[in-house]
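Peer 1: Here's a structure for you.
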Amino acid sequence: MLKKIHNYLLDNSFRFTVFKDGIHLFNYKEILSLKNNNIVIRGEFVVEVNGSNLVLNKMLDNEVLITGIIKDININYE
């Protein structure tokens, strides 16, 4: 049981959650591109968000929230 709690608290996996007006990315490694119509972020794979009026909001050290009008999301497993 303690191992499960430890793994939950120290979760280092890259993941993202898509909402109606945003995308939340957790445990990313670096921001590759930052424009108001395109944001590219690398984690275990590369996530490219395309749209308009995109804003990158820094949350915690390795956590960001992208808001704006999202048209599409591309995932590249390099």
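As shown in the structure tokens, the chain order sets the letters A, B, ...; within each chain, residues go from 1, and ligands are also counted from 1 in the order they appear.
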What's around range 62-64 of chain A at 8 Å? Count only C-alpha atoms, leave out sequence neighbours fewer than 4 positions away in its own chain, and write the answer as an NGL selection string.
Peer 2: :A and (24-29 or 56-58)
Peer 1: In chain A, what's strand (DSSP E) per DSSP? Answer as a ChimeraX atom specification?
Peer 2: /A:15-19,22-26,30-34,38-42,46-58,63-76
Peer 1: Next, the residues of the selection above should be written as a CSV table (one decimal), in the first residue's frame with N, CA and C atoms.
Peer 2:
chain,number,residue,atom,x,y,z
A,15,ARG,N,1.9,13.4,-19.5
A,15,ARG,CA,0.6,13.2,-19.9
A,15,ARG,C,-0.1,14.6,-20.1
A,16,PHE,N,-1.2,14.5,-20.8
A,16,PHE,CA,-2.0,15.7,-21.0
A,16,PHE,C,-3.4,15.4,-21.0
A,17,THR,N,-4.2,16.5,-20.7
A,17,THR,CA,-5.7,16.4,-20.6
A,17,THR,C,-6.2,17.5,-21.5
A,18,VAL,N,-7.2,17.1,-22.4
A,18,VAL,CA,-7.8,18.1,-23.3
A,18,VAL,C,-9.1,18.5,-22.7
A,19,PHE,N,-9.3,19.8,-22.7
A,19,PHE,CA,-10.6,20.4,-22.3
A,19,PHE,C,-11.2,21.1,-23.4
A,22,GLY,N,-9.0,24.3,-23.6
A,22,GLY,CA,-7.6,24.3,-23.2
A,22,GLY,C,-7.0,22.9,-23.2
A,23,ILE,N,-5.7,22.8,-22.9
A,23,ILE,CA,-5.0,21.6,-22.8
A,23,ILE,C,-4.0,21.7,-21.7
A,24,HIS,N,-4.0,20.8,-20.7
A,24,HIS,CA,-3.1,20.8,-19.6
A,24,HIS,C,-2.1,19.7,-19.8
A,25,LEU,N,-0.8,20.1,-19.7
A,25,LEU,CA,0.3,19.2,-19.9
A,25,LEU,C,1.1,19.1,-18.6
A,26,PHE,N,1.4,17.9,-18.2
A,26,PHE,CA,2.1,17.6,-17.0
A,26,PHE,C,3.4,16.8,-17.2
A,30,GLU,N,10.5,20.2,-22.4
A,30,GLU,CA,10.9,21.5,-22.9
A,30,GLU,C,9.8,22.0,-23.8
A,31,ILE,N,9.8,23.3,-24.0
A,31,ILE,CA,8.9,24.0,-24.9
A,31,ILE,C,9.8,24.3,-26.2
A,32,LEU,N,9.3,23.7,-27.3
A,32,LEU,CA,10.1,23.8,-28.6
A,32,LEU,C,9.7,25.0,-29.4
A,33,SER,N,8.4,25.4,-29.3
A,33,SER,CA,7.9,26.5,-30.1
A,33,SER,C,6.8,27.2,-29.4
A,34,LEU,N,6.8,28.5,-29.5
A,34,LEU,CA,5.8,29.3,-28.7
A,34,LEU,C,5.3,30.4,-29.6
A,38,ASN,N,0.5,28.4,-32.6
A,38,ASN,CA,1.2,27.1,-32.6
A,38,ASN,C,2.1,27.0,-31.4
A,39,ILE,N,1.9,26.0,-30.6
A,39,ILE,CA,2.8,25.7,-29.4
A,39,ILE,C,3.2,24.3,-29.5
A,40,VAL,N,4.5,24.0,-29.4
A,40,VAL,CA,5.0,22.6,-29.5
A,40,VAL,C,5.8,22.4,-28.2
A,41,ILE,N,5.4,21.2,-27.5
A,41,ILE,CA,6.0,20.9,-26.3
A,41,ILE,C,6.5,19.4,-26.3
A,42,ARG,N,7.7,19.2,-25.8
A,42,ARG,CA,8.2,17.8,-25.8
A,42,ARG,C,8.1,17.2,-24.4
A,46,VAL,N,6.2,14.4,-28.7
A,46,VAL,CA,6.0,15.8,-29.0
A,46,VAL,C,4.5,16.1,-29.2
A,47,VAL,N,4.0,17.1,-28.5
A,47,VAL,CA,2.6,17.5,-28.7
A,47,VAL,C,2.6,18.9,-29.4
A,48,GLU,N,1.9,19.0,-30.5
A,48,GLU,CA,1.8,20.3,-31.2
A,48,GLU,C,0.4,20.7,-31.2
A,49,VAL,N,0.1,21.9,-30.6
A,49,VAL,CA,-1.2,22.5,-30.5
A,49,VAL,C,-1.3,23.6,-31.5
A,50,ASN,N,-2.3,23.5,-32.4
A,50,ASN,CA,-2.6,24.6,-33.4
A,50,ASN,C,-3.9,25.2,-33.1
A,51,GLY,N,-4.0,26.5,-33.3
A,51,GLY,CA,-5.2,27.2,-33.1
A,51,GLY,C,-5.0,28.7,-33.3
A,52,SER,N,-5.7,29.5,-32.5
A,52,SER,CA,-5.6,31.0,-32.5
A,52,SER,C,-5.7,31.5,-31.1
A,53,ASN,N,-5.0,32.6,-30.9
A,53,ASN,CA,-5.0,33.2,-29.6
A,53,ASN,C,-4.6,32.3,-28.5
A,54,LEU,N,-3.6,31.4,-28.8
A,54,LEU,CA,-3.1,30.5,-27.8
A,54,LEU,C,-2.2,31.2,-26.8
A,55,VAL,N,-2.4,30.8,-25.5
A,55,VAL,CA,-1.7,31.4,-24.4
A,55,VAL,C,-1.1,30.3,-23.6
A,56,LEU,N,0.2,30.3,-23.2
A,56,LEU,CA,0.8,29.3,-22.4
A,56,LEU,C,0.8,29.8,-21.0
A,57,ASN,N,0.2,29.1,-20.1
A,57,ASN,CA,0.1,29.5,-18.7
A,57,ASN,C,1.0,28.6,-17.8
A,58,LYS,N,2.0,29.1,-17.2
A,58,LYS,CA,2.9,28.3,-16.4
A,58,LYS,C,2.2,28.0,-15.1
A,63,GLU,N,4.6,21.9,-15.4
A,63,GLU,CA,3.2,21.8,-15.7
A,63,GLU,C,2.7,23.1,-16.4
A,64,VAL,N,2.0,23.0,-17.5
A,64,VAL,CA,1.5,24.2,-18.2
A,64,VAL,C,0.1,23.9,-18.6
A,65,LEU,N,-0.6,25.0,-18.9
A,65,LEU,CA,-2.0,25.0,-19.4
A,65,LEU,C,-2.0,25.9,-20.6
A,66,ILE,N,-2.4,25.4,-21.7
A,66,ILE,CA,-2.6,26.1,-22.9
A,66,ILE,C,-4.0,26.4,-23.1
A,67,THR,N,-4.3,27.7,-23.3
A,67,THR,CA,-5.7,28.1,-23.5
A,67,THR,C,-5.8,28.9,-24.8
A,68,GLY,N,-7.0,29.0,-25.3
A,68,GLY,CA,-7.3,29.7,-26.5
A,68,GLY,C,-8.2,28.9,-27.4
A,69,ILE,N,-8.3,29.2,-28.7
A,69,ILE,CA,-9.1,28.5,-29.6
A,69,ILE,C,-8.2,27.4,-30.2
A,70,ILE,N,-8.5,26.1,-29.8
A,70,ILE,CA,-7.7,25.0,-30.2
A,70,ILE,C,-8.3,24.4,-31.4
A,71,LYS,N,-7.6,24.3,-32.6
A,71,LYS,CA,-8.2,23.7,-33.8
A,71,LYS,C,-7.8,22.3,-33.9
A,72,ASP,N,-6.5,22.0,-33.6
A,72,ASP,CA,-6.1,20.6,-33.6
A,72,ASP,C,-4.9,20.3,-32.8
A,73,ILE,N,-4.7,19.1,-32.4
A,73,ILE,CA,-3.6,18.6,-31.6
A,73,ILE,C,-2.9,17.5,-32.4
A,74,ASN,N,-1.6,17.6,-32.6
A,74,ASN,CA,-0.8,16.6,-33.3
A,74,ASN,C,0.1,15.9,-32.3
A,75,ILE,N,0.3,14.6,-32.4
A,75,ILE,CA,1.2,13.9,-31.5
A,75,ILE,C,2.2,13.2,-32.4
A,76,ASN,N,3.5,13.4,-32.1
A,76,ASN,CA,4.6,12.8,-32.8
A,76,ASN,C,5.4,11.9,-31.9
Peer 1: Would you please extract all helix (DSSP H, G or I) residues from range 3-67 of chain A, as assigned by DSSP on the backbone, and give them as a PDB file with N, CA and C atoms, in the first residue's frame?
Peer 2:
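So the final result, stored in result33.pdb, reads:
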ATOM      1  N   LYS A   3       3.763   1.556  -1.255  1.00  0.00           N
ATOM      2  CA  LYS A   3       4.365   1.694  -2.574  1.00  0.00           C
ATOM      3  C   LYS A   3       3.402   2.377  -3.537  1.00  0.00           C
ATOM      4  N   LYS A   4       2.120   2.062  -3.474  1.00  0.00           N
ATOM      5  CA  LYS A   4       1.124   2.700  -4.317  1.00  0.00           C
ATOM      6  C   LYS A   4       1.019   4.187  -4.020  1.00  0.00           C
ATOM      7  N   ILE A   5       1.045   4.547  -2.760  1.00  0.00           N
ATOM      8  CA  ILE A   5       0.990   5.965  -2.366  1.00  0.00           C
ATOM      9  C   ILE A   5       2.241   6.684  -2.847  1.00  0.00           C
ATOM     10  N   HIS A   6       3.385   6.069  -2.683  1.00  0.00           N
ATOM     11  CA  HIS A   6       4.658   6.655  -3.123  1.00  0.00           C
ATOM     12  C   HIS A   6       4.648   6.882  -4.631  1.00  0.00           C
ATOM     13  N   ASN A   7       4.201   5.893  -5.413  1.00  0.00           N
ATOM     14  CA  ASN A   7       4.153   6.031  -6.868  1.00  0.00           C
ATOM     15  C   ASN A   7       3.176   7.118  -7.299  1.00  0.00           C
ATOM     16  N   TYR A   8       2.066   7.241  -6.590  1.00  0.00           N
ATOM     17  CA  TYR A   8       1.083   8.274  -6.913  1.00  0.00           C
ATOM     18  C   TYR A   8       1.654   9.669  -6.670  1.00  0.00           C
ATOM     19  N   LEU A   9       2.331   9.858  -5.557  1.00  0.00           N
ATOM     20  CA  LEU A   9       2.881  11.167  -5.202  1.00  0.00           C
ATOM     21  C   LEU A   9       4.069  11.548  -6.071  1.00  0.00           C
TER      22      LEU A   9
END
Peer 1: Using only C-alpha atoms, which residue out of A:Asn36, A:Leu2, A:Glu78, A:Gly43 lies closest to Phe14 in chain A?
Peer 2: A:Gly43
